[in-house]
Every structure is written in structure tokens, then in C-alpha cells.
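File shown here: work_36.pdb, holding PDB, C-alpha atoms and all ligand atoms.
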```pdb
ATOM      1  CA  MET A   1       8.847  -6.593  54.943  1.00  0.00           C
ATOM      2  CA  SER A   2       5.868  -5.265  53.106  1.00  0.00           C
ATOM      3  CA  ASP A   3       2.386  -5.986  54.283  1.00  0.00           C
ATOM      4  CA  PRO A   4       0.546  -7.638  51.412  1.00  0.00           C
ATOM      5  CA  VAL A   5      -3.078  -6.718  51.023  1.00  0.00           C
ATOM      6  CA  ALA A   6      -5.467  -9.638  51.363  1.00  0.00           C
ATOM      7  CA  PRO A   7      -6.300 -11.236  47.984  1.00  0.00           C
ATOM      8  CA  ASP A   8      -9.998 -10.388  48.170  1.00  0.00           C
ATOM      9  CA  LEU A   9      -9.229  -6.730  48.870  1.00  0.00           C
ATOM     10  CA  ARG A  10      -6.735  -6.797  46.012  1.00  0.00           C
ATOM     11  CA  ALA A  11      -9.409  -7.999  43.580  1.00  0.00           C
ATOM     12  CA  LEU A  12     -11.850  -5.383  44.872  1.00  0.00           C
ATOM     13  CA  TYR A  13      -9.148  -2.747  44.535  1.00  0.00           C
ATOM     14  CA  GLU A  14      -8.533  -3.542  40.883  1.00  0.00           C
ATOM     15  CA  GLU A  15     -12.225  -3.799  40.074  1.00  0.00           C
ATOM     16  CA  THR A  16     -13.083  -0.517  41.816  1.00  0.00           C
ATOM     17  CA  ILE A  17     -10.191   1.442  40.288  1.00  0.00           C
ATOM     18  CA  LEU A  18     -10.998   0.179  36.802  1.00  0.00           C
ATOM     19  CA  ASP A  19     -14.686   0.968  37.203  1.00  0.00           C
ATOM     20  CA  HIS A  20     -14.092   4.560  38.334  1.00  0.00           C
ATOM     21  CA  ASN A  21     -11.419   5.044  35.685  1.00  0.00           C
ATOM     22  CA  ARG A  22     -13.824   3.947  32.973  1.00  0.00           C
ATOM     23  CA  ARG A  23     -16.829   5.820  34.319  1.00  0.00           C
ATOM     24  CA  PRO A  24     -15.564   8.637  36.535  1.00  0.00           C
ATOM     25  CA  ARG A  25     -18.301  10.114  38.764  1.00  0.00           C
ATOM     26  CA  ASN A  26     -18.833  13.873  38.903  1.00  0.00           C
ATOM     27  CA  PHE A  27     -16.470  14.363  35.953  1.00  0.00           C
ATOM     28  CA  ARG A  28     -17.448  17.898  34.985  1.00  0.00           C
ATOM     29  CA  ARG A  29     -16.737  21.546  35.620  1.00  0.00           C
ATOM     30  CA  ILE A  30     -18.829  23.560  38.090  1.00  0.00           C
ATOM     31  CA  GLU A  31     -19.180  27.172  37.017  1.00  0.00           C
ATOM     32  CA  GLY A  32     -18.552  29.714  39.735  1.00  0.00           C
ATOM     33  CA  ALA A  33     -17.136  27.131  42.148  1.00  0.00           C
ATOM     34  CA  LEU A  34     -13.924  27.245  44.135  1.00  0.00           C
ATOM     35  CA  SER A  35     -11.294  25.341  42.202  1.00  0.00           C
ATOM     36  CA  ALA A  36      -7.676  24.276  42.273  1.00  0.00           C
ATOM     37  CA  GLU A  37      -5.475  22.292  39.959  1.00  0.00           C
ATOM     38  CA  GLY A  38      -3.221  19.512  41.103  1.00  0.00           C
ATOM     39  CA  HIS A  39      -0.271  18.182  39.130  1.00  0.00           C
ATOM     40  CA  ASN A  40       1.759  15.075  39.756  1.00  0.00           C
ATOM     41  CA  PRO A  41       4.815  15.469  37.514  1.00  0.00           C
ATOM     42  CA  LEU A  42       6.142  12.011  38.347  1.00  0.00           C
ATOM     43  CA  CYS A  43       3.204  10.380  36.602  1.00  0.00           C
ATOM     44  CA  GLY A  44       1.825  13.220  34.486  1.00  0.00           C
ATOM     45  CA  ASP A  45      -1.516  13.345  36.310  1.00  0.00           C
ATOM     46  CA  ARG A  46      -3.460  16.600  36.206  1.00  0.00           C
ATOM     47  CA  VAL A  47      -6.691  17.157  38.041  1.00  0.00           C
ATOM     48  CA  THR A  48      -8.802  20.241  38.656  1.00  0.00           C
ATOM     49  CA  VAL A  49     -11.224  19.997  41.566  1.00  0.00           C
ATOM     50  CA  TYR A  50     -14.324  22.185  41.816  1.00  0.00           C
ATOM     51  CA  VAL A  51     -16.099  22.736  45.111  1.00  0.00           C
ATOM     52  CA  LEU A  52     -19.334  24.584  45.687  1.00  0.00           C
ATOM     53  CA  LEU A  53     -19.943  25.500  49.321  1.00  0.00           C
ATOM     54  CA  ASP A  54     -23.290  26.178  50.913  1.00  0.00           C
ATOM     55  CA  GLY A  55     -22.193  27.785  54.152  1.00  0.00           C
ATOM     56  CA  ASP A  56     -19.821  25.232  55.587  1.00  0.00           C
ATOM     57  CA  ARG A  57     -21.281  22.316  53.672  1.00  0.00           C
ATOM     58  CA  ILE A  58     -19.925  20.918  50.402  1.00  0.00           C
ATOM     59  CA  ALA A  59     -23.033  21.306  48.267  1.00  0.00           C
ATOM     60  CA  ASP A  60     -21.395  20.082  45.079  1.00  0.00           C
ATOM     61  CA  VAL A  61     -18.000  18.761  44.089  1.00  0.00           C
ATOM     62  CA  ALA A  62     -16.623  17.651  40.744  1.00  0.00           C
ATOM     63  CA  PHE A  63     -13.367  17.263  38.866  1.00  0.00           C
ATOM     64  CA  GLU A  64     -11.792  17.325  35.428  1.00  0.00           C
ATOM     65  CA  GLY A  65      -8.420  16.199  34.263  1.00  0.00           C
ATOM     66  CA  SER A  66      -6.342  13.466  32.788  1.00  0.00           C
ATOM     67  CA  GLY A  67      -4.001  10.962  34.260  1.00  0.00           C
ATOM     68  CA  CYS A  68      -3.542   7.384  35.304  1.00  0.00           C
ATOM     69  CA  ALA A  69      -6.341   5.123  36.486  1.00  0.00           C
ATOM     70  CA  ILE A  70      -5.426   5.569  40.150  1.00  0.00           C
ATOM     71  CA  SER A  71      -5.485   9.373  40.040  1.00  0.00           C
ATOM     72  CA  LYS A  72      -8.803   9.395  38.211  1.00  0.00           C
ATOM     73  CA  ALA A  73     -10.448   6.750  40.359  1.00  0.00           C
ATOM     74  CA  SER A  74      -9.262   8.488  43.512  1.00  0.00           C
ATOM     75  CA  ALA A  75     -10.692  11.843  42.366  1.00  0.00           C
ATOM     76  CA  SER A  76     -13.945  10.176  41.362  1.00  0.00           C
ATOM     77  CA  MET A  77     -14.340   8.367  44.686  1.00  0.00           C
ATOM     78  CA  MET A  78     -13.311  11.459  46.620  1.00  0.00           C
ATOM     79  CA  THR A  79     -16.158  13.458  45.090  1.00  0.00           C
ATOM     80  CA  GLU A  80     -18.611  10.759  46.165  1.00  0.00           C
ATOM     81  CA  ALA A  81     -17.130  10.524  49.658  1.00  0.00           C
ATOM     82  CA  ILE A  82     -17.176  14.237  50.523  1.00  0.00           C
ATOM     83  CA  HIS A  83     -20.370  15.369  48.806  1.00  0.00           C
ATOM     84  CA  GLY A  84     -22.670  16.905  51.436  1.00  0.00           C
ATOM     85  CA  ARG A  85     -20.032  16.875  54.165  1.00  0.00           C
ATOM     86  CA  SER A  86     -18.731  19.851  56.093  1.00  0.00           C
ATOM     87  CA  ARG A  87     -15.340  21.325  55.363  1.00  0.00           C
ATOM     88  CA  ALA A  88     -13.965  19.905  58.623  1.00  0.00           C
ATOM     89  CA  GLU A  89     -15.305  16.435  57.821  1.00  0.00           C
ATOM     90  CA  ALA A  90     -13.668  16.555  54.378  1.00  0.00           C
ATOM     91  CA  GLU A  91     -10.353  17.560  55.921  1.00  0.00           C
ATOM     92  CA  ALA A  92     -10.609  14.811  58.520  1.00  0.00           C
ATOM     93  CA  LEU A  93     -11.294  12.303  55.765  1.00  0.00           C
ATOM     94  CA  LEU A  94      -8.212  13.481  53.881  1.00  0.00           C
ATOM     95  CA  GLY A  95      -6.139  12.874  57.006  1.00  0.00           C
ATOM     96  CA  ARG A  96      -7.511   9.372  57.331  1.00  0.00           C
ATOM     97  CA  PHE A  97      -7.005   8.704  53.618  1.00  0.00           C
ATOM     98  CA  ARG A  98      -3.337   9.691  53.897  1.00  0.00           C
ATOM     99  CA  GLY A  99      -3.049   7.413  56.921  1.00  0.00           C
ATOM    100  CA  LEU A 100      -4.525   4.577  54.929  1.00  0.00           C
ATOM    101  CA  LEU A 101      -1.810   4.992  52.272  1.00  0.00           C
ATOM    102  CA  SER A 102       1.060   5.186  54.736  1.00  0.00           C
ATOM    103  CA  PRO A 103       3.151   2.151  55.698  1.00  0.00           C
ATOM    104  CA  GLU A 104       1.401   2.216  59.082  1.00  0.00           C
ATOM    105  CA  GLY A 105      -1.916   2.147  57.246  1.00  0.00           C
ATOM    106  CA  PRO A 106      -3.446  -1.179  58.298  1.00  0.00           C
ATOM    107  CA  GLY A 107      -6.285  -0.418  60.661  1.00  0.00           C
ATOM    108  CA  ALA A 108      -6.977   3.013  59.200  1.00  0.00           C
ATOM    109  CA  ALA A 109      -9.461   1.466  56.770  1.00  0.00           C
ATOM    110  CA  GLU A 110     -12.140   1.241  59.443  1.00  0.00           C
ATOM    111  CA  GLY A 111     -15.140   3.371  58.550  1.00  0.00           C
ATOM    112  CA  MET A 112     -13.603   4.510  55.255  1.00  0.00           C
ATOM    113  CA  GLY A 113     -16.238   2.795  53.143  1.00  0.00           C
ATOM    114  CA  LYS A 114     -15.236   2.215  49.549  1.00  0.00           C
ATOM    115  CA  LEU A 115     -12.133   4.368  49.973  1.00  0.00           C
ATOM    116  CA  ALA A 116     -10.640   1.474  51.927  1.00  0.00           C
ATOM    117  CA  VAL A 117      -9.728  -0.231  48.648  1.00  0.00           C
ATOM    118  CA  PHE A 118      -6.955   2.355  48.259  1.00  0.00           C
ATOM    119  CA  ALA A 119      -5.048   0.436  50.909  1.00  0.00           C
ATOM    120  CA  GLY A 120      -3.936  -1.553  47.854  1.00  0.00           C
ATOM    121  CA  VAL A 121      -1.867   1.441  46.712  1.00  0.00           C
ATOM    122  CA  ARG A 122       0.455   0.849  49.680  1.00  0.00           C
ATOM    123  CA  ASP A 123       1.996  -1.970  47.674  1.00  0.00           C
ATOM    124  CA  PHE A 124       3.017   0.589  45.022  1.00  0.00           C
ATOM    125  CA  PRO A 125       4.690   3.468  46.900  1.00  0.00           C
ATOM    126  CA  ALA A 126       5.286   5.418  43.659  1.00  0.00           C
ATOM    127  CA  ARG A 127       1.535   5.584  43.114  1.00  0.00           C
ATOM    128  CA  VAL A 128       0.655   7.120  46.472  1.00  0.00           C
ATOM    129  CA  LYS A 129       1.064  10.590  44.939  1.00  0.00           C
ATOM    130  CA  CYS A 130      -1.402   9.640  42.209  1.00  0.00           C
ATOM    131  CA  ALA A 131      -3.936   8.650  44.860  1.00  0.00           C
ATOM    132  CA  VAL A 132      -3.626  11.776  47.026  1.00  0.00           C
ATOM    133  CA  LEU A 133      -3.442  14.284  44.155  1.00  0.00           C
ATOM    134  CA  ALA A 134      -7.157  15.117  43.998  1.00  0.00           C
ATOM    135  CA  TRP A 135      -7.298  15.395  47.788  1.00  0.00           C
ATOM    136  CA  HIS A 136      -4.495  17.952  47.781  1.00  0.00           C
ATOM    137  CA  ALA A 137      -6.291  19.889  45.058  1.00  0.00           C
ATOM    138  CA  LEU A 138      -9.470  19.763  47.146  1.00  0.00           C
ATOM    139  CA  THR A 139      -7.659  21.232  50.153  1.00  0.00           C
ATOM    140  CA  ALA A 140      -6.147  23.944  47.956  1.00  0.00           C
ATOM    141  CA  ALA A 141      -9.575  24.778  46.535  1.00  0.00           C
ATOM    142  CA  LEU A 142     -11.136  24.965  50.001  1.00  0.00           C
ATOM    143  CA  THR A 143      -8.423  27.159  51.472  1.00  0.00           C
ATOM    144  CA  GLY A 144      -8.067  29.241  48.317  1.00  0.00           C
ATOM    145  CA  ALA A 145      -4.495  29.887  49.352  1.00  0.00           C
ATOM    146  CA  ASN A 146      -2.825  27.954  46.586  1.00  0.00           C
ATOM    147  CA  PRO A 147      -4.693  27.569  43.290  1.00  0.00           C
ATOM    148  CA  ALA A 148      -2.146  25.127  41.884  1.00  0.00           C
ATOM    149  CA  VAL A 149      -0.556  22.321  43.851  1.00  0.00           C
ATOM    150  CA  SER A 150       2.103  19.826  42.907  1.00  0.00           C
ATOM    151  CA  THR A 151       2.788  16.589  44.706  1.00  0.00           C
ATOM    152  CA  GLU A 152       6.466  16.697  43.741  1.00  0.00           C
TER     153      GLU A 152
HETATM  154 ZN    ZN B   1      -0.666   8.675  38.313  1.00  0.00          ZN
END
```
What does the file become when written as C-alpha cells?
Ligand code: ZN
Amino acid sequence: MSDPVAPDLRALYEETILDHNRRPRNFRRIEGALSAEGHNPLCGDRVTVYVLLDGDRIADVAFEGSGCAISKASASMMTEAIHGRSRAEAEALLGRFRGLLSPEGPGAAEGMGKLAVFAGVRDFPARVKCAVLAWHALTAALTGANPAVSTE
């Protein structure tokens, strides 16, 4: 049995995804920043995430790329959610975001702010990789260990 998302959250989900897909926030390159590219071959999404650190704080974050509405909206909302946070806070948020998308997700939305709308992706398991792509690229950029990640 799947766990259908409440109708009002579903409407908010669609509205939010479409808005960020149409007008992605922080859609630009940051010169001299840490960066990593993520690729989701199942859907054809490509996203490059740029992170500028000031000590341990994420002073600026942006992305470029092309892909489906979910991958773009997720990258756009991720940049808004982690801007100004510490590295550890960004990583903790990624963990919670993944939890939100998992089948055990209900309940994880607490305190997630606008990111909570991604609970709607749970109804489309094939799209979970689209939603986490930018987050994986962010982690790769922060660790610098793997400049290109694939969700396959
Ligand atoms: Zn996609």
C-alpha cells in the first residue's frame, strides 16, 4: 500500500515544482567555487553545483544544468535551503531530505520548510533520483573527492 500525499500538499507540490522549474533560483556559475557535476542517466538530468565556502559556512551556492522539472526545482530549492548554513548543517539537511523521499518518509517533513513538498515525489519512485541529484552533487563538491557523481 502506498501512502498518498494529502491533496493540499499535492497541489502545493505541483505549484512549487513548476515555479522553480520556470524560474530557477541561483541558476548561474560561481567562478572559483568548489563544484561537482551530477548526472542521472535514467532521466537525462545533468546538474553542476557550485559552492563558495567562507570558513565552514556556505557563503554562496548556485547551479547550472538541464533536466526535468523535479531535478531543476530540487536544485533551485536546495540552493535556497543551504545558503548561509555550515557544512555540517547542509549534510544533515541532505540526510533529512533523503529520509523525506524514502517510503518511511512521513514525519520527516517536520522543520523542512518548503522542501517538505518533495514528499510528493514518494508517489513516483523513479523520480527520487531526479530529486536527490543536486544534493549528491553538493556533497561531492564539498568533499572534493568525486567531481562527477551519477545516481545510477
Ligand atoms: Zn529527472
What are the nearest atom pairs, with distances in Å to one decimal, for all residues of chain A that come at most 9 Å from ligand ZN 1 (chain B), using only C-alpha atoms and all ligand atoms, set out by chain and rising residue number as JSON lines?
```
{"residue": "A:Asn40", "atom": "CA", "partner": "B:ZN1", "partner_atom": "ZN", "distance": 7.0}
{"residue": "A:Pro41", "atom": "CA", "partner": "B:ZN1", "partner_atom": "ZN", "distance": 8.8}
{"residue": "A:Leu42", "atom": "CA", "partner": "B:ZN1", "partner_atom": "ZN", "distance": 7.6}
{"residue": "A:Cys43", "atom": "CA", "partner": "B:ZN1", "partner_atom": "ZN", "distance": 4.6}
{"residue": "A:Gly44", "atom": "CA", "partner": "B:ZN1", "partner_atom": "ZN", "distance": 6.4}
{"residue": "A:Asp45", "atom": "CA", "partner": "B:ZN1", "partner_atom": "ZN", "distance": 5.2}
{"residue": "A:Arg46", "atom": "CA", "partner": "B:ZN1", "partner_atom": "ZN", "distance": 8.7}
{"residue": "A:Gly67", "atom": "CA", "partner": "B:ZN1", "partner_atom": "ZN", "distance": 5.7}
{"residue": "A:Cys68", "atom": "CA", "partner": "B:ZN1", "partner_atom": "ZN", "distance": 4.4}
{"residue": "A:Ala69", "atom": "CA", "partner": "B:ZN1", "partner_atom": "ZN", "distance": 6.9}
{"residue": "A:Ile70", "atom": "CA", "partner": "B:ZN1", "partner_atom": "ZN", "distance": 6.0}
{"residue": "A:Ser71", "atom": "CA", "partner": "B:ZN1", "partner_atom": "ZN", "distance": 5.2}
{"residue": "A:Lys72", "atom": "CA", "partner": "B:ZN1", "partner_atom": "ZN", "distance": 8.2}
{"residue": "A:Ala126", "atom": "CA", "partner": "B:ZN1", "partner_atom": "ZN", "distance": 8.6}
{"residue": "A:Arg127", "atom": "CA", "partner": "B:ZN1", "partner_atom": "ZN", "distance": 6.1}
{"residue": "A:Val128", "atom": "CA", "partner": "B:ZN1", "partner_atom": "ZN", "distance": 8.4}
{"residue": "A:Lys129", "atom": "CA", "partner": "B:ZN1", "partner_atom": "ZN", "distance": 7.1}
{"residue": "A:Cys130", "atom": "CA", "partner": "B:ZN1", "partner_atom": "ZN", "distance": 4.1}
{"residue": "A:Ala131", "atom": "CA", "partner": "B:ZN1", "partner_atom": "ZN", "distance": 7.3}
{"residue": "A:Leu133", "atom": "CA", "partner": "B:ZN1", "partner_atom": "ZN", "distance": 8.6}
```
Run the PyMOL selection byres (((chain A and resi 48) around 9) and not hetatm) on the file and write out the hits as a ChimeraX atom specification. /A:29,35-39,46-47,49-50,62-65,134,137-138,148
As an exercise, work out the distance from atom CA of Phe27 of chain A to atom CA of His83 of chain A in Å and give it to one decimal place. 13.5 Å
Using only C-alpha atoms, list the residues that have an atom at most 12 Å from (-20.1, 27.0, 36.4), coordinates as in the file, as a VMD selection string. chain A and resid 28 to 35 50 to 52 60 to 62
Which residue out of A:Ala140, A:Met77, A:Ala11, A:Ala88 has the minimum interatomic distance to Lys114 of chain A when all atoms listed in the file are used? A:Met77
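Take the candidates A:Gly111, A:Ala75, A:Ser102, A:Ser86 and check each one against Pro125 of chain A using all atoms listed in the file; the shortest distance goes to A:Ser102.
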Nearest-residue call for Ser76 of chain A, choices A:Ile58, A:Ala116, A:Ile17, A:Leu142, using all atoms listed in the file: A:Ile17
Atom-to-atom span, atom CA of Phe97 of chain A and atom CA of Ser66 of chain A, Å: 21.4 Å
Please enumerate the residues selected by the PyMOL selection byres (((chain A and resi 93) around 12) and not hetatm) when evaluated against the supplied file, formatted as an MDAnalysis selection string. chainID A and resid 78:79 81:83 85:92 94:100 108:113 115:116 132 135:136 138:139
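Considering the residues A:Gly120, A:Gly144, A:Pro103, A:Gly84 and counting all atoms listed in the file, Gly55 of chain A has its shortest atom-to-atom contact with A:Gly84.
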